[in-house]
>>> print(open('entry24.csv').read())   # CSV, C-alpha atoms
chain,number,residue,atom,x,y,z
A,13,MET,CA,0.0,0.0,0.0
A,14,ARG,CA,2.8,2.4,0.9
A,15,SER,CA,4.5,1.5,-2.3
A,16,PHE,CA,1.4,2.4,-4.3
A,17,LEU,CA,1.1,5.7,-2.4
A,18,LEU,CA,4.7,6.5,-3.1
A,19,PHE,CA,4.1,5.6,-6.8
A,20,LEU,CA,1.2,8.1,-7.0
A,21,VAL,CA,3.2,10.8,-5.2
A,22,MET,CA,6.1,10.4,-7.6
A,23,LEU,CA,3.8,10.2,-10.6
A,24,ALA,CA,2.3,13.5,-9.6
A,25,LEU,CA,5.7,15.0,-9.1
A,26,GLY,CA,6.8,13.7,-12.5
A,27,VAL,CA,3.8,15.2,-14.2
A,28,ALA,CA,4.4,18.6,-12.5
A,29,LEU,CA,8.1,18.4,-13.5
A,30,GLY,CA,7.2,17.6,-17.1
A,31,LEU,CA,4.7,20.4,-17.3
A,32,PHE,CA,7.2,22.8,-15.9
A,33,VAL,CA,9.8,21.8,-18.4
A,34,GLY,CA,7.4,21.9,-21.3
A,35,TRP,CA,5.6,25.1,-20.5
A,36,VAL,CA,8.2,27.2,-18.7
A,37,ALA,CA,11.8,26.0,-18.7
A,38,LEU,CA,12.0,24.7,-22.3
A,39,PRO,CA,8.7,25.6,-24.1
A,40,VAL,CA,8.1,24.9,-27.7
A,41,GLN,CA,10.1,27.4,-29.8
A,42,TYR,CA,8.3,28.4,-33.0
A,43,VAL,CA,10.3,29.4,-36.0
A,44,ASP,CA,9.3,30.3,-39.6
A,45,THR,CA,6.2,32.0,-38.2
A,46,ALA,CA,3.7,34.3,-40.0
A,47,PRO,CA,3.1,38.0,-39.2
A,48,ASP,CA,-0.4,37.3,-37.9
A,49,THR,CA,1.1,35.6,-34.9
A,50,LEU,CA,3.2,38.5,-33.8
A,51,ARG,CA,3.1,39.7,-30.2
A,52,GLN,CA,1.3,43.0,-29.5
A,53,ALA,CA,4.5,45.1,-29.3
A,54,ASP,CA,5.8,43.9,-32.6
A,55,ARG,CA,2.4,44.2,-34.2
A,56,ASP,CA,2.2,47.8,-33.1
A,57,GLU,CA,5.6,48.4,-34.6
A,58,VAL,CA,4.6,46.9,-37.9
A,59,ILE,CA,1.4,49.1,-37.9
A,60,LEU,CA,3.5,52.2,-37.2
A,61,MET,CA,5.7,51.2,-40.2
A,62,ILE,CA,2.7,50.8,-42.4
A,63,ALA,CA,1.5,54.2,-41.3
A,64,ALA,CA,4.9,55.8,-42.0
A,65,ALA,CA,5.2,54.1,-45.4
A,66,TYR,CA,1.6,55.2,-46.3
A,67,ALA,CA,2.5,58.8,-45.3
A,68,GLY,CA,5.2,58.6,-47.9
A,69,ASP,CA,3.6,56.8,-50.8
A,70,ALA,CA,-0.2,57.2,-50.1
A,71,ASN,CA,-0.6,53.8,-51.6
A,72,ILE,CA,-3.8,52.5,-49.9
A,73,GLU,CA,-3.8,49.1,-51.6
A,74,ARG,CA,-0.3,48.4,-50.5
A,75,ALA,CA,-1.2,49.3,-46.9
A,76,ARG,CA,-4.3,47.1,-47.2
A,77,ALA,CA,-2.2,44.2,-48.4
A,78,ARG,CA,0.2,44.7,-45.5
A,79,PHE,CA,-2.6,44.7,-43.0
A,80,ARG,CA,-3.9,41.4,-44.5
A,81,ARG,CA,-0.5,39.9,-43.7
A,82,LEU,CA,-1.3,40.8,-40.1
A,83,GLY,CA,-4.6,39.0,-40.4
A,84,LEU,CA,-6.5,42.3,-40.3
A,85,ALA,CA,-9.1,42.6,-43.0
A,86,ASP,CA,-10.6,45.7,-41.3
A,87,PRO,CA,-7.5,47.5,-39.9
A,88,GLY,CA,-9.3,50.6,-38.6
A,89,PRO,CA,-9.8,49.4,-35.0
A,90,ALA,CA,-6.3,48.0,-34.8
A,91,ILE,CA,-4.9,51.3,-35.9
A,92,VAL,CA,-6.8,53.2,-33.2
A,93,GLN,CA,-5.7,50.7,-30.6
A,94,THR,CA,-2.1,51.1,-31.7
A,95,ALA,CA,-2.5,54.8,-31.5
A,96,GLN,CA,-3.9,54.5,-27.9
A,97,ARG,CA,-0.8,52.5,-26.8
A,98,ALA,CA,1.5,54.9,-28.7
A,99,LEU,CA,0.0,57.8,-27.0
A,100,ALA,CA,0.3,56.1,-23.6
A,101,ASN,CA,3.9,55.3,-24.3
A,102,GLY,CA,4.7,58.9,-25.3
A,103,ALA,CA,5.2,58.3,-29.0
A,104,PRO,CA,6.3,61.2,-31.1
A,105,GLU,CA,3.6,63.4,-32.7
A,106,SER,CA,4.7,62.4,-36.1
A,107,ASP,CA,3.8,58.7,-35.4
A,108,LEU,CA,0.3,59.8,-34.2
A,109,ARG,CA,-0.1,62.0,-37.3
A,110,ALA,CA,0.8,59.1,-39.5
A,111,LEU,CA,-1.6,56.8,-37.7
A,112,ALA,CA,-4.4,59.4,-37.8
A,113,ARG,CA,-3.9,59.8,-41.6
A,114,LEU,CA,-3.9,56.0,-42.1
A,115,ALA,CA,-7.0,55.5,-40.0
A,116,ALA,CA,-8.8,58.2,-42.0
A,117,ALA,CA,-7.8,56.4,-45.2
A,118,PHE,CA,-9.6,53.3,-43.9
A,119,ASN,CA,-12.6,55.5,-42.9
A,120,THR,CA,-11.9,55.1,-39.2
A,121,PHE,CA,-12.2,58.1,-36.9
A,122,SER,CA,-11.6,58.4,-33.2
A,123,PRO,CA,-11.6,61.4,-30.9
A,124,LEU,CA,-8.2,60.2,-29.8
A,125,LEU,CA,-6.8,60.9,-33.2
A,126,ASP,CA,-8.8,64.0,-34.1
A,127,PRO,CA,-6.0,66.4,-32.9
A,128,TYR,CA,-3.6,64.7,-35.2
A,129,ARG,CA,-5.7,64.5,-38.4
A,130,PRO,CA,-4.4,66.5,-41.3
B,4,MET,CA,10.3,-2.4,-4.1
B,5,ARG,CA,9.5,1.1,-2.9
B,6,ALA,CA,12.4,2.6,-4.7
B,7,PHE,CA,11.3,0.9,-7.9
B,8,ALA,CA,7.7,2.2,-7.4
B,9,ALA,CA,9.0,5.7,-6.8
B,10,LEU,CA,11.3,5.7,-9.8
B,11,PHE,CA,8.7,4.2,-12.1
B,12,GLY,CA,6.1,6.8,-10.9
B,13,LEU,CA,8.5,9.6,-11.4
B,14,ILE,CA,9.5,8.5,-14.9
B,15,LEU,CA,5.9,7.8,-16.0
B,16,GLY,CA,4.8,11.1,-14.6
B,17,LEU,CA,7.6,13.0,-16.3
B,18,GLY,CA,6.7,11.3,-19.6
B,19,LEU,CA,3.0,12.2,-19.2
B,20,GLY,CA,3.8,15.8,-18.3
B,21,LEU,CA,6.1,16.3,-21.2
B,22,LEU,CA,3.6,14.6,-23.6
B,23,TYR,CA,0.9,17.0,-22.4
B,24,ALA,CA,3.1,20.1,-22.5
B,25,TYR,CA,4.7,19.4,-25.9
B,26,VAL,CA,2.1,17.6,-27.8
B,27,ILE,CA,-1.4,17.8,-26.3
B,28,ASP,CA,-1.4,21.4,-25.2
B,29,PRO,CA,1.9,23.1,-26.3
B,30,VAL,CA,2.6,26.8,-25.9
B,31,ASP,CA,0.3,28.6,-28.5
B,32,VAL,CA,1.7,29.9,-31.8
B,33,ALA,CA,1.0,33.4,-30.7
B,34,ASP,CA,3.1,36.2,-29.2
B,35,THR,CA,5.9,35.4,-31.7
B,36,THR,CA,8.6,38.0,-32.5
B,37,LEU,CA,9.8,39.6,-35.7
B,38,ALA,CA,12.9,37.5,-35.4
B,39,SER,CA,11.0,34.2,-35.8
B,40,LEU,CA,9.3,35.2,-39.0
B,41,ARG,CA,9.7,33.1,-42.1
B,42,VAL,CA,12.4,34.3,-44.5
B,43,GLU,CA,9.9,35.6,-47.1
B,44,TYR,CA,8.0,37.6,-44.4
B,45,LYS,CA,11.3,39.0,-43.2
B,46,ALA,CA,11.9,40.2,-46.7
B,47,GLU,CA,8.5,41.9,-46.7
B,48,MET,CA,9.3,43.5,-43.4
B,49,THR,CA,12.6,44.7,-44.7
B,50,GLN,CA,10.8,46.3,-47.6
B,51,LEU,CA,8.4,47.9,-45.2
B,52,ILE,CA,11.2,49.2,-43.0
B,53,ALA,CA,12.8,50.7,-46.2
B,54,ASP,CA,9.5,52.3,-47.2
B,55,ALA,CA,9.1,53.8,-43.8
B,56,TYR,CA,12.6,55.1,-43.8
B,57,ALA,CA,12.0,56.7,-47.2
B,58,ALA,CA,9.1,58.5,-45.7
B,59,ASP,CA,10.5,59.6,-42.3
B,60,GLY,CA,14.3,59.5,-42.7
B,61,ASP,CA,14.8,58.1,-39.2
B,62,LEU,CA,17.9,55.9,-39.7
B,63,GLU,CA,18.3,54.9,-36.1
B,64,ARG,CA,14.7,53.7,-36.0
B,65,ALA,CA,15.2,51.7,-39.2
B,66,ARG,CA,18.4,50.2,-37.8
B,67,ALA,CA,16.6,49.1,-34.6
B,68,ARG,CA,13.7,47.6,-36.7
B,69,LEU,CA,16.2,45.7,-38.8
B,70,THR,CA,18.0,44.5,-35.8
B,71,ALA,CA,14.7,43.1,-34.4
B,72,LEU,CA,14.4,41.0,-37.6
B,73,ALA,CA,17.7,39.3,-36.7
B,74,GLN,CA,19.0,38.8,-40.2
B,75,GLY,CA,22.6,39.5,-39.5
B,76,ASP,CA,24.3,42.6,-40.7
B,77,PRO,CA,21.5,45.1,-41.5
B,78,ALA,CA,23.3,46.8,-44.3
B,79,GLN,CA,24.1,43.6,-46.1
B,80,SER,CA,20.7,42.1,-45.6
B,81,VAL,CA,19.0,45.2,-47.1
B,82,ALA,CA,21.6,45.4,-50.0
B,83,ALA,CA,21.0,41.7,-50.7
B,84,LEU,CA,17.3,42.2,-50.9
B,85,ALA,CA,17.7,45.2,-53.2
B,86,GLN,CA,19.8,43.1,-55.5
B,87,ARG,CA,17.4,40.2,-55.5
B,88,LEU,CA,14.4,42.5,-56.2
B,89,ALA,CA,16.3,44.4,-58.9
B,90,ALA,CA,17.3,41.1,-60.6
B,91,SER,CA,13.7,39.9,-60.4
B,92,GLY,CA,12.4,43.1,-62.1
B,93,ALA,CA,10.6,44.5,-59.1
B,94,GLU,CA,9.2,48.0,-59.1
B,95,PRO,CA,12.2,50.4,-59.3
B,96,SER,CA,10.9,52.7,-56.5
B,97,ARG,CA,10.9,49.8,-54.1
B,98,VAL,CA,14.5,48.8,-55.1
B,99,GLN,CA,15.5,52.4,-54.7
B,100,ALA,CA,14.0,52.6,-51.2
B,101,LEU,CA,16.0,49.6,-50.2
B,102,ALA,CA,19.2,50.9,-51.9
B,103,GLN,CA,18.9,54.2,-50.1
B,104,LEU,CA,18.5,52.5,-46.7
B,105,ALA,CA,21.4,50.2,-47.4
B,106,LEU,CA,23.6,53.1,-48.4
B,107,ALA,CA,22.6,55.0,-45.2
B,108,LEU,CA,23.5,51.9,-43.2
B,109,GLY,CA,26.9,51.9,-44.7
B,110,ALA,CA,26.7,49.3,-47.4
B,111,PRO,CA,29.3,49.8,-50.1
B,112,PRO,CA,27.8,51.2,-53.3
B,113,ALA,CA,29.3,48.2,-55.2
B,114,LEU,CA,26.9,46.0,-53.3
B,115,LEU,CA,23.9,47.9,-54.6
B,116,PRO,CA,21.9,47.8,-57.9
B,117,SER,CA,21.9,50.9,-60.0
B,118,THR,CA,18.6,52.7,-59.6
B,119,GLY,CA,19.5,56.1,-60.9
B,120,SER,CA,20.0,59.2,-58.7
B,121,PRO,CA,18.9,58.8,-55.2
B,122,THR,CA,15.9,60.9,-54.1
B,123,ALA,CA,16.5,63.2,-51.2
B,124,LEU,CA,14.8,62.0,-48.0
B,125,PRO,CA,12.2,64.1,-46.2
B,126,SER,CA,13.0,65.7,-42.9
B,127,SER,CA,12.5,63.6,-39.8
B,128,THR,CA,9.2,65.4,-39.0
B,129,PRO,CA,7.2,65.0,-42.2
B,130,THR,CA,4.0,66.9,-42.6
B,131,PRO,CA,2.1,64.8,-45.1
B,132,THR,CA,-0.4,66.7,-47.2
B,133,LEU,CA,-1.2,64.2,-50.0
B,134,GLU,CA,-4.6,62.7,-50.2
B,135,PRO,CA,-4.8,58.9,-50.9
B,136,THR,CA,-5.5,59.1,-54.6
B,137,SER,CA,-4.0,57.2,-57.4
B,138,THR,CA,-2.1,60.3,-58.6
B,139,ALA,CA,0.0,60.3,-55.4
B,140,ILE,CA,1.8,57.1,-56.4
B,141,PRO,CA,5.5,57.9,-56.9
B,142,THR,CA,6.8,57.7,-60.3
B,143,ALA,CA,8.9,54.7,-61.1
B,144,THR,CA,12.6,55.4,-61.6
B,145,PRO,CA,13.8,53.6,-64.7
B,146,ILE,CA,16.8,51.3,-64.4
B,147,PRO,CA,19.5,52.4,-66.8
B,148,LEU,CA,20.2,49.9,-69.5
B,149,PRO,CA,23.5,49.4,-71.3
B,150,THR,CA,24.0,51.3,-74.5
B,151,ARG,CA,25.4,48.2,-76.3
B,152,PRO,CA,25.2,44.5,-75.7
B,153,PRO,CA,28.2,42.9,-73.9
B,154,SER,CA,30.9,41.9,-76.3
B,155,PRO,CA,32.4,38.4,-75.8
B,156,THR,CA,35.9,39.9,-76.4
B,157,PRO,CA,37.7,40.4,-73.2
B,158,PRO,CA,39.1,43.9,-73.0
B,159,GLY,CA,42.3,43.0,-71.3
B,160,LEU,CA,43.9,41.0,-68.5
B,161,PHE,CA,42.4,41.1,-65.0
B,162,GLN,CA,43.8,40.4,-61.6
B,163,LEU,CA,41.8,39.2,-58.7
B,164,ALA,CA,41.6,42.2,-56.4
B,165,THR,CA,39.2,41.0,-53.7
B,166,THR,CA,37.4,37.9,-52.6
B,167,GLU,CA,34.4,38.5,-50.3
B,168,THR,CA,32.0,36.0,-48.7
B,169,PHE,CA,28.6,36.9,-47.4
B,170,CYS,CA,26.0,34.9,-45.5
B,171,LEU,CA,22.7,36.0,-46.9
B,172,THR,CA,19.1,34.8,-46.8
B,173,ALA,CA,19.3,33.8,-50.5
B,174,PRO,CA,17.7,30.6,-51.8
B,175,GLN,CA,20.9,29.2,-53.3
B,176,PRO,CA,24.6,29.9,-53.0
B,177,LEU,CA,25.7,32.5,-55.5
B,178,LEU,CA,29.0,33.2,-57.3
B,179,GLN,CA,29.3,36.9,-58.2
B,180,VAL,CA,32.0,38.1,-60.5
B,181,ILE,CA,32.6,41.8,-60.9
B,182,ALA,CA,35.1,43.0,-63.6
B,183,GLN,CA,36.4,46.5,-63.2
B,184,ASP,CA,38.8,48.6,-65.1
B,185,ALA,CA,41.8,50.3,-63.5
B,186,VAL,CA,39.7,53.1,-62.0
B,187,GLY,CA,36.9,50.8,-60.8
B,188,ASN,CA,34.4,51.2,-63.6
B,189,GLY,CA,32.4,48.0,-64.5
B,190,VAL,CA,33.6,46.1,-67.6
B,191,PRO,CA,30.9,44.2,-69.5
B,192,GLY,CA,31.6,41.2,-71.8
B,193,VAL,CA,34.2,39.5,-69.7
B,194,GLU,CA,33.7,35.7,-70.1
B,195,VAL,CA,33.9,33.7,-66.9
B,196,ILE,CA,34.4,29.9,-66.9
B,197,VAL,CA,33.1,27.9,-63.9
B,198,GLU,CA,34.1,24.3,-63.5
B,199,TRP,CA,33.2,21.7,-60.9
B,200,PRO,CA,33.6,17.9,-60.7
B,201,GLY,CA,31.8,16.6,-63.8
B,202,GLY,CA,30.6,19.9,-65.2
B,203,GLN,CA,31.5,23.3,-66.7
B,204,ASP,CA,29.5,26.5,-67.5
B,205,ARG,CA,30.3,30.0,-68.8
B,206,PHE,CA,28.8,33.4,-68.3
B,207,PHE,CA,29.5,37.0,-69.1
B,208,THR,CA,29.6,40.1,-67.1
B,209,GLY,CA,27.2,42.9,-68.1
B,210,LEU,CA,24.1,40.7,-68.7
B,211,LYS,CA,22.4,42.1,-65.6
B,212,PRO,CA,23.0,45.8,-66.1
B,213,GLU,CA,20.7,46.7,-63.2
B,214,LEU,CA,23.4,45.2,-60.9
B,215,GLY,CA,26.3,46.9,-62.6
B,216,LEU,CA,27.9,46.7,-66.0
B,217,GLY,CA,30.8,44.6,-64.7
B,218,TYR,CA,28.5,42.2,-62.8
B,219,GLY,CA,27.9,38.6,-63.6
B,220,ASP,CA,26.7,35.7,-61.4
B,221,PHE,CA,26.3,32.0,-61.3
B,222,ALA,CA,24.1,29.8,-59.0
B,223,MET,CA,26.1,27.2,-57.2
B,224,GLU,CA,25.4,24.1,-55.3
B,225,PRO,CA,26.4,24.1,-51.6
B,226,ASN,CA,29.5,22.2,-50.5
B,227,LEU,CA,30.8,21.7,-54.0
B,228,ASP,CA,34.3,22.7,-55.1
B,229,TYR,CA,34.3,25.1,-58.1
B,230,THR,CA,37.2,26.6,-60.1
B,231,VAL,CA,36.7,30.0,-61.6
B,232,ARG,CA,38.7,31.2,-64.6
B,233,LEU,CA,38.5,34.2,-66.9
B,234,THR,CA,38.8,33.4,-70.6
B,235,SER,CA,41.3,36.3,-70.9
B,236,ASP,CA,43.7,34.5,-68.6
B,237,PRO,CA,42.7,30.8,-68.5
B,238,ALA,CA,45.9,29.8,-66.7
B,239,ALA,CA,44.9,31.6,-63.5
B,240,GLU,CA,42.5,29.4,-61.5
B,241,TYR,CA,40.5,30.6,-58.5
B,242,PRO,CA,39.0,27.9,-56.3
B,243,VAL,CA,35.8,28.6,-54.4
B,244,ARG,CA,33.6,26.4,-52.3
B,245,PRO,CA,30.2,27.7,-50.9
B,246,GLU,CA,30.1,26.5,-47.3
B,247,PRO,CA,26.7,27.0,-45.7
B,248,CYS,CA,26.6,29.9,-43.2
B,249,THR,CA,24.7,29.9,-39.9
B,250,ASP,CA,22.5,32.9,-39.1
B,251,PRO,CA,22.0,34.2,-35.5
B,252,ASN,CA,19.0,31.9,-35.1
B,253,GLY,CA,21.2,28.9,-35.8
B,254,ARG,CA,19.7,28.2,-39.2
B,255,GLN,CA,21.8,27.5,-42.2
B,256,THR,CA,21.7,30.1,-45.0
B,257,ALA,CA,23.2,30.3,-48.4
B,258,THR,CA,26.6,31.8,-49.1
B,259,THR,CA,27.4,34.4,-51.7
B,260,ILE,CA,31.0,34.5,-52.9
B,261,ARG,CA,32.1,37.6,-54.7
B,262,LEU,CA,35.3,37.8,-56.8
B,263,ILE,CA,36.3,41.3,-57.9
B,264,PHE,CA,38.7,41.4,-60.8
B,265,ARG,CA,40.5,44.6,-61.8
B,266,GLN,CA,42.6,45.6,-64.7
B,267,PRO,CA,46.1,46.7,-63.6
>>> encode(input="entry24.csv", output="structure tokens")
Amino acid sequence: MRSFLLFLVMLALGVALGLFVGWVALPVQYVDTAPDTLRQADRDEVILMIAAAYAGDANIERARARFRRLGLADPGPAIVQTAQRALANGAPESDLRALARLAAAFNTFSPLLDPYRP
Amino acid sequence: MRAFAALFGLILGLGLGLLYAYVIDPVDVADTTLASLRVEYKAEMTQLIADAYAADGDLERARARLTALAQGDPAQSVAALAQRLAASGAEPSRVQALAQLALALGAPPALLPSTGSPTALPSSTPTPTLEPTSTAIPTATPIPLPTRPPSPTPPGLFQLATTETFCLTAPQPLLQVIAQDAVGNGVPGVEVIVEWPGGQDRFFTGLKPELGLGYGDFAMEPNLDYTVRLTSDPAAEYPVRPEPCTDPNGRQTATTIRLIFRQP
């Protein structure tokens, strides 16, 4: 009986150790990923780049294609959310102007971006 | 008996835990970073960084963004993409944006495709006033073409001036030969012989004028020994071997070997 209890305790300990290794210590490392799996900070950076590029070339179809890579068929809300985080992080005004301009191009308007609209 | 039960329980439990954590419910494919993107997506991001740089002129920001992509040396990776796009006939304005960024990052002009005169960058605080209409698309910059086809007659003897090796995210190892005159101008029409065990091929410089009049290249197989000779001096042999490179993520990438020949 004691042996069985010891077996169960060690089994539980082994499961816990396995989960710790698999989820925390040595989690699965993904490579060759697609842009639609990017973490929030990197996604925001990409959206800022799209806004900056759009400010330069005014090519709305190119911007739309780039948003599709991020898995965003309707990029308006994501642009506003990025602007909210950019504002909270003290982003330069030029970034907010570019985001406001890009949001407007996608027919998205927000009081947050109104001061930066052209 | 107890020790056996304990050991068996621990091993079984560890196996079950690992099975669950790695197979049944692994860490989600989310929250990935720019560095983990597939190579073709990294190329798209590099283009996006160049387009953003062309608009805002913020070099340090562009450098930081390229560093986040983890493609090795930023200048070389941008220059390599510019070359590949130019060779594939991409829109000249996109090649030019990449070339401008590569130059700003310190890439040697010899690494870059010819895209005409660079356009001045805007100030770092742009005040865009254009409306998103089709008339706002920048005009494509034509790639200069040679005024005459390359002649197969070598215009003189050359000496090997430089051998450079690059680790680039290219699909296949590449041999690049650049023939220059005594003052560094590209010389078209120089015939290059490439030999490897069981095979031989020839090519001329100047057939890809968008990459320079003295430029010629040849796709190699990895880990194969090649001998390069110029028809103008067949006695001089230059052995090359494209060993795979390893990028910062530990993945093997193709090698580009560049031989620059110069007239004395």
>>> atom_distance(input="entry24.csv", atom1="atom CA of Phe32 of chain A", atom2="atom CA of Met13 of chain A")
28.7 Å
>>> residues_around(input="entry24.csv", residues="Pro127 of chain A", least_positions_apart="2", cutoff="10 Å", atoms="all atoms listed in the file", output="JSON list (two decimals) with C-alpha atoms, in the frame of the given file")
[["chain", "number", "residue", "atom", "x", "y", "z"],
["A", 108, "LEU", "CA", 0.30, 59.80, -34.20],
["A", 109, "ARG", "CA", -0.10, 62.00, -37.30],
["A", 112, "ALA", "CA", -4.40, 59.40, -37.80],
["A", 122, "SER", "CA", -11.60, 58.40, -33.20],
["A", 123, "PRO", "CA", -11.60, 61.40, -30.90],
["A", 124, "LEU", "CA", -8.20, 60.20, -29.80],
["A", 125, "LEU", "CA", -6.80, 60.90, -33.20],
["A", 129, "ARG", "CA", -5.70, 64.50, -38.40],
["A", 130, "PRO", "CA", -4.40, 66.50, -41.30]]
>>> residues_near_point(input="entry24.csv", point="(6.6, 37.3, -32.8)", cutoff="12 Å", atoms="only C-alpha atoms", output="MDAnalysis selection string")
(chainID A and resid 41:58 82) or (chainID B and resid 31:41 44:45 71:73)
>>> closest_residue(input="entry24.csv", among="B:Leu62, B:Ala100, B:Leu69, B:Leu13", to="Asp69 of chain A", atoms="only C-alpha atoms")
B:Ala100
>>> closest_residue(input="entry24.csv", among="A:Arg97, A:Ala37, A:Ile62, A:Ile91", to="chain B", atoms="all atoms listed in the file")
A:Ile62
>>> residues_near_point(input="entry24.csv", point="(36.6, 50.5, -65.4)", cutoff="12 Å", atoms="only C-alpha atoms", output="VMD selection string")
chain B and resid 158 to 159 161 181 to 191 215 to 218 263 to 267
>>> closest_residue(input="entry24.csv", among="A:Gln96, A:Glu105, A:Arg80, A:Asp126", to="chain B", atoms="all atoms listed in the file")
A:Glu105
>>> residues_around(input="entry24.csv", residues="Asp107 of chain A", least_positions_apart="3", cutoff="9 Å", atoms="only C-alpha atoms", output="CSV table (one decimal) with C-alpha atoms, in the frame of the given file")
chain,number,residue,atom,x,y,z
A,60,LEU,CA,3.5,52.2,-37.2
A,63,ALA,CA,1.5,54.2,-41.3
A,64,ALA,CA,4.9,55.8,-42.0
A,95,ALA,CA,-2.5,54.8,-31.5
A,98,ALA,CA,1.5,54.9,-28.7
A,103,ALA,CA,5.2,58.3,-29.0
A,104,PRO,CA,6.3,61.2,-31.1
A,110,ALA,CA,0.8,59.1,-39.5
A,111,LEU,CA,-1.6,56.8,-37.7
A,112,ALA,CA,-4.4,59.4,-37.8
>>> residues_around(input="entry24.csv", residues="Val180 of chain B", least_positions_apart="5", cutoff="10 Å", atoms="all atoms listed in the file", output="PDB file with C-alpha atoms, keeping the file's coordinate frame")
ATOM      1  CA  THR B 166      37.400  37.900 -52.600  1.00  0.00           C
ATOM      2  CA  VAL B 193      34.200  39.500 -69.700  1.00  0.00           C
ATOM      3  CA  VAL B 195      33.900  33.700 -66.900  1.00  0.00           C
ATOM      4  CA  PHE B 206      28.800  33.400 -68.300  1.00  0.00           C
ATOM      5  CA  PHE B 207      29.500  37.000 -69.100  1.00  0.00           C
ATOM      6  CA  THR B 208      29.600  40.100 -67.100  1.00  0.00           C
ATOM      7  CA  GLY B 217      30.800  44.600 -64.700  1.00  0.00           C
ATOM      8  CA  TYR B 218      28.500  42.200 -62.800  1.00  0.00           C
ATOM      9  CA  GLY B 219      27.900  38.600 -63.600  1.00  0.00           C
ATOM     10  CA  ASP B 220      26.700  35.700 -61.400  1.00  0.00           C
ATOM     11  CA  PHE B 221      26.300  32.000 -61.300  1.00  0.00           C
ATOM     12  CA  VAL B 231      36.700  30.000 -61.600  1.00  0.00           C
ATOM     13  CA  LEU B 233      38.500  34.200 -66.900  1.00  0.00           C
ATOM     14  CA  ILE B 260      31.000  34.500 -52.900  1.00  0.00           C
ATOM     15  CA  ARG B 261      32.100  37.600 -54.700  1.00  0.00           C
ATOM     16  CA  LEU B 262      35.300  37.800 -56.800  1.00  0.00           C
ATOM     17  CA  ILE B 263      36.300  41.300 -57.900  1.00  0.00           C
ATOM     18  CA  PHE B 264      38.700  41.400 -60.800  1.00  0.00           C
TER      19      PHE B 264
END
>>> closest_residue(input="entry24.csv", among="A:Phe121, A:Ala100, A:Arg78, A:Gly68", to="Ala57 of chain B", atoms="only C-alpha atoms")
A:Gly68
>>> closest_residue(input="entry24.csv", among="B:Phe169, B:Trp199, B:Arg254, B:Leu104", to="chain A", atoms="all atoms listed in the file")
B:Arg254
>>> atom_distance(input="entry24.csv", atom1="atom CA of Cys170 of chain B", atom2="atom CA of Thr259 of chain B")
6.4 Å
>>> atom_distance(input="entry24.csv", atom1="atom CA of Cys248 of chain B", atom2="atom CA of Pro77 of chain B")
16.1 Å
